[in-house]
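Here's the structure, in C-alpha cells; my notes come after.
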Amino acid sequence: MSVDGEVRQQLRTEADEPGWEVDPDDEWGVAVVATVGRQLKLRREAVGMRAGEFGKAVGYGEDLVYKIESGKRIPRPEFLDRADEVLGAGGLLAAMKEDVAKVRYPKKVRDLADMEARAVEIGVYENSNIAGLLQTLDYARALLESWQPAYTPEDLERRVAARIARQAIYERCPAPALSFVLEEGTLRRKVGGTMVRREQFERLLEVGRLSNVSLQVMPMDSAPHPGMSGRIELLKFEDGTAVGRSDGAFNGRPVTDLRQLRILELRYGTIRAQALPPRESLAFIEQLLGET
C-alpha cells in the first residue's frame with residue numbers, strides 16, 4: 001500500500017465522530033457553528049490551501065472538512081486547535097472553542113446552566129433522584145442509561161457531559177448560596193454498582209461540607225409535605241429577580257410572577273423545615289456510605 005493510501009486511511013471521517021451533528025432547532029447553535037465554519041473556510045482560502053490538503057494537515061477527511069466549513073458539523077476542540085496552527089490564525093480559531101463546546105449541550109440544559117451561572121442563590125428539592133448539581137459522572141451516566149426510550153451512546157455521553165459541566169458553579173467567586181433537599185428514597189435507590197454509589201455518597205459529603213452549601217435529607221418516615229408532587233427549583237439573581245419551577249405547580253413551566261414565586265418559596269421553606277438539619281443529614285449520608 002502506498003504512503004498516500006496509508007494517510008487517507010488515518011484521516012477522520014464522519015463515522016469516526018458520531019453525535020457531533022448540529023441540532024437544526026437550536027438557532028443560536030446553528031449560528032455559532034455556521035460562523036466558525038465560515039471563518040475556517042476564509043482562513044483556509046486566504047493561505048491558498050485546498051480542502052483536501054488542509055484535511056490531511058489536520059487529520060480529517062475532505063468531506064468532513066467541507067461539512068464543518070458549511071456549518072453542518074460541530075468541530076471538536078482539538079480540530080480548532082490544530083486548524084489554528086495550520087492556518088496561522090494566531091489563536092482566533094482556538095478562541096472559538098468555548099462557544100462551540102456549548103453547542104454540543106442540549107438547548108434546555110444550556111439555558112438552565114446559563115441561569116445557574118448568574119444566580120446568587122439556588123434552592124433545589126428532588127424527590128426522584130439526586131439533584132444534577134450533586135451527581136458524579138458515573139452516577140449521572142447510570143441514571144441516564146435507565147431512561148426509555150434509550151439514548152444513543154453518543155447522545156448519552158453528550159447529556160452526561162452537559163450535566164457535569166453545570167457543576168462549574170462550585171468554582172464561581174463569589175460563590176452562590178446553594179441549598180438542596182433530597183429524599184431518603186433517592187439515596188437508597190441502587191443506581192449503578194457499589195463503587196458508583198460509594199463515590200456518590202462521598203461527593204455528597206464533600207459538597208455538603210462547603211460553607212456556601214446546605215444539604216438536607218427528607219427521611220422516609222416524615223409527615224406529608226408540599227414537595228410530594230414533584231421537584232422544586234428556585235433561582236434568585238443579583239438584580240432582585242428570580243425564576244422558579246415545580247413539577248407539581250403551574251404545569252411545570254418556569255415562572256417569574258411574584259405571586260407564583262411566593263407560593264414556591266413557601267413550599268420550599270416548608271420542605272426544608274421538615275427535613276433533617278444539615279448536620280444530621282451529613283451524618284445520615286455517612287451512615288449510608290458505611291453500609292454500602
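Each chain in the C-alpha cells gets a letter, A, B and so on, in the order shown; residues start at 1 in every chain, and ligands are counted from 1 in the order they appear.
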- request: Quick one: everything within 9 Å of region 253-264 of chain A, counting only C-alpha atoms, minus sequence neighbours fewer than 6 positions away in the same chain. Send it as a PyMOL selection string.
  value: chain A and resi 232-234+241-247
Name the residues of region 41-194 of chain A that come out as strand (DSSP E) in a backbone DSSP run; write them as a CSV table (one decimal) with C-alpha atoms, in the first residue's frame.
chain,number,residue,atom,x,y,z
A,119,ALA,CA,-27.8,33.1,40.2
A,120,VAL,CA,-26.7,34.2,43.6
A,121,GLU,CA,-29.0,31.8,45.4
A,122,ILE,CA,-30.2,28.4,44.3
A,123,GLY,CA,-32.6,26.1,46.1
A,124,VAL,CA,-33.5,22.6,44.8
A,125,TYR,CA,-35.8,19.9,46.2
A,126,GLU,CA,-35.6,16.5,44.4
A,177,ALA,CA,-25.7,30.2,48.2
A,178,LEU,CA,-26.9,26.7,47.5
A,179,SER,CA,-29.4,24.5,49.3
A,180,PHE,CA,-30.5,21.0,48.4
A,181,VAL,CA,-33.2,18.7,49.9
A,182,LEU,CA,-33.0,15.1,48.8
A,183,GLU,CA,-35.5,12.3,49.7
- line: From CA of Ala142 (chain A) to CA of Val196 (chain A) the spacing works out at 8.6 Å
task: For Trp20 (chain A), please output as a VMD selection string all residues within 9 Å (counting only C-alpha atoms; exclusion window: fewer than 6 positions along the same chain).
output: chain A and resid 14 73 to 76 104 154
Output C-alpha atoms of each residue in that selection to a file, as an mmCIF file, in the first residue's frame.
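again_25.cif, written as the output of this step:
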data_model
loop_
_atom_site.group_PDB
_atom_site.id
_atom_site.type_symbol
_atom_site.label_atom_id
_atom_site.label_comp_id
_atom_site.auth_asym_id
_atom_site.auth_seq_id
_atom_site.Cartn_x
_atom_site.Cartn_y
_atom_site.Cartn_z
ATOM 1 C CA GLU A 14 -17.956 11.469 9.808
ATOM 2 C CA ARG A 73 -20.944 19.600 11.817
ATOM 3 C CA ILE A 74 -19.701 20.801 15.201
ATOM 4 C CA PRO A 75 -15.879 20.969 15.169
ATOM 5 C CA ARG A 76 -14.072 19.278 18.033
ATOM 6 C CA ARG A 104 -22.968 20.251 21.963
ATOM 7 C CA GLU A 154 -23.325 9.493 21.540
#
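Shortest atom-to-atom contact with Pro277 (chain A) among A:Ser214, A:Val32, A:Phe250, A:Pro226: A:Ser214, counting only C-alpha atoms.
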Nearby residues (only C-alpha atoms) at most 6 Å from Lys41 (chain A), same-chain spacing under 3 positions excluded, as number ranges by chain: A: 38, 44, 69
message: Excluding Ala51 (chain A) and its own-chain neighbours fewer than 5 positions away, which residues fall within 10 Å of it when counting only C-alpha atoms? Please give them as a PyMOL selection string.
response: chain A and resi 41+44-45+56-57+60-66+69
Write a file of the selected residues as an mmCIF file, in the first residue's frame, keeping N, CA, C and O atoms.
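result.cif, written as the output of this step:
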data_model
loop_
_atom_site.group_PDB
_atom_site.id
_atom_site.type_symbol
_atom_site.label_atom_id
_atom_site.label_comp_id
_atom_site.auth_asym_id
_atom_site.auth_seq_id
_atom_site.Cartn_x
_atom_site.Cartn_y
_atom_site.Cartn_z
ATOM 1 N N LYS A 41 -13.192 28.446 6.553
ATOM 2 C CA LYS A 41 -13.074 28.446 5.092
ATOM 3 C C LYS A 41 -12.313 29.673 4.602
ATOM 4 O O LYS A 41 -11.433 29.578 3.726
ATOM 5 N N ARG A 44 -8.654 29.271 5.400
ATOM 6 C CA ARG A 44 -8.037 28.255 4.534
ATOM 7 C C ARG A 44 -7.782 28.821 3.139
ATOM 8 O O ARG A 44 -6.694 28.645 2.565
ATOM 9 N N GLU A 45 -8.783 29.499 2.589
ATOM 10 C CA GLU A 45 -8.636 30.055 1.249
ATOM 11 C C GLU A 45 -7.610 31.185 1.222
ATOM 12 O O GLU A 45 -6.911 31.381 0.219
ATOM 13 N N LYS A 56 -5.707 16.807 5.280
ATOM 14 C CA LYS A 56 -4.555 15.959 5.598
ATOM 15 C C LYS A 56 -3.700 16.583 6.695
ATOM 16 O O LYS A 56 -3.167 15.895 7.567
ATOM 17 N N ALA A 57 -3.591 17.906 6.666
ATOM 18 C CA ALA A 57 -2.756 18.591 7.657
ATOM 19 C C ALA A 57 -3.342 18.500 9.072
ATOM 20 O O ALA A 57 -2.595 18.467 10.058
ATOM 21 N N TYR A 60 -8.155 15.151 9.011
ATOM 22 C CA TYR A 60 -9.577 14.973 8.702
ATOM 23 C C TYR A 60 -9.761 14.712 7.213
ATOM 24 O O TYR A 60 -9.019 15.242 6.378
ATOM 25 N N GLY A 61 -10.796 13.917 6.893
ATOM 26 C CA GLY A 61 -11.126 13.681 5.502
ATOM 27 C C GLY A 61 -11.698 14.932 4.857
ATOM 28 O O GLY A 61 -12.276 15.792 5.525
ATOM 29 N N GLU A 62 -11.580 15.026 3.525
ATOM 30 C CA GLU A 62 -12.047 16.217 2.803
ATOM 31 C C GLU A 62 -13.541 16.443 2.985
ATOM 32 O O GLU A 62 -13.990 17.581 3.176
ATOM 33 N N ASP A 63 -14.343 15.368 2.941
ATOM 34 C CA ASP A 63 -15.790 15.517 3.094
ATOM 35 C C ASP A 63 -16.155 16.100 4.459
ATOM 36 O O ASP A 63 -17.054 16.942 4.572
ATOM 37 N N LEU A 64 -15.429 15.659 5.505
ATOM 38 C CA LEU A 64 -15.715 16.163 6.847
ATOM 39 C C LEU A 64 -15.307 17.626 6.974
ATOM 40 O O LEU A 64 -15.983 18.415 7.638
ATOM 41 N N VAL A 65 -14.240 18.008 6.326
ATOM 42 C CA VAL A 65 -13.820 19.421 6.321
ATOM 43 C C VAL A 65 -14.907 20.281 5.699
ATOM 44 O O VAL A 65 -15.273 21.329 6.237
ATOM 45 N N TYR A 66 -15.438 19.832 4.551
ATOM 46 C CA TYR A 66 -16.496 20.594 3.875
ATOM 47 C C TYR A 66 -17.735 20.721 4.772
ATOM 48 O O TYR A 66 -18.383 21.780 4.809
ATOM 49 N N GLU A 69 -17.024 23.303 7.467
ATOM 50 C CA GLU A 69 -17.000 24.655 6.891
ATOM 51 C C GLU A 69 -18.391 25.135 6.489
ATOM 52 O O GLU A 69 -18.655 26.343 6.506
#
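Each of A:Lys72, A:Arg172, A:Arg118, A:Arg158 was compared to Thr35 (chain A) using only C-alpha atoms, and A:Lys72 turns out to be the nearest.
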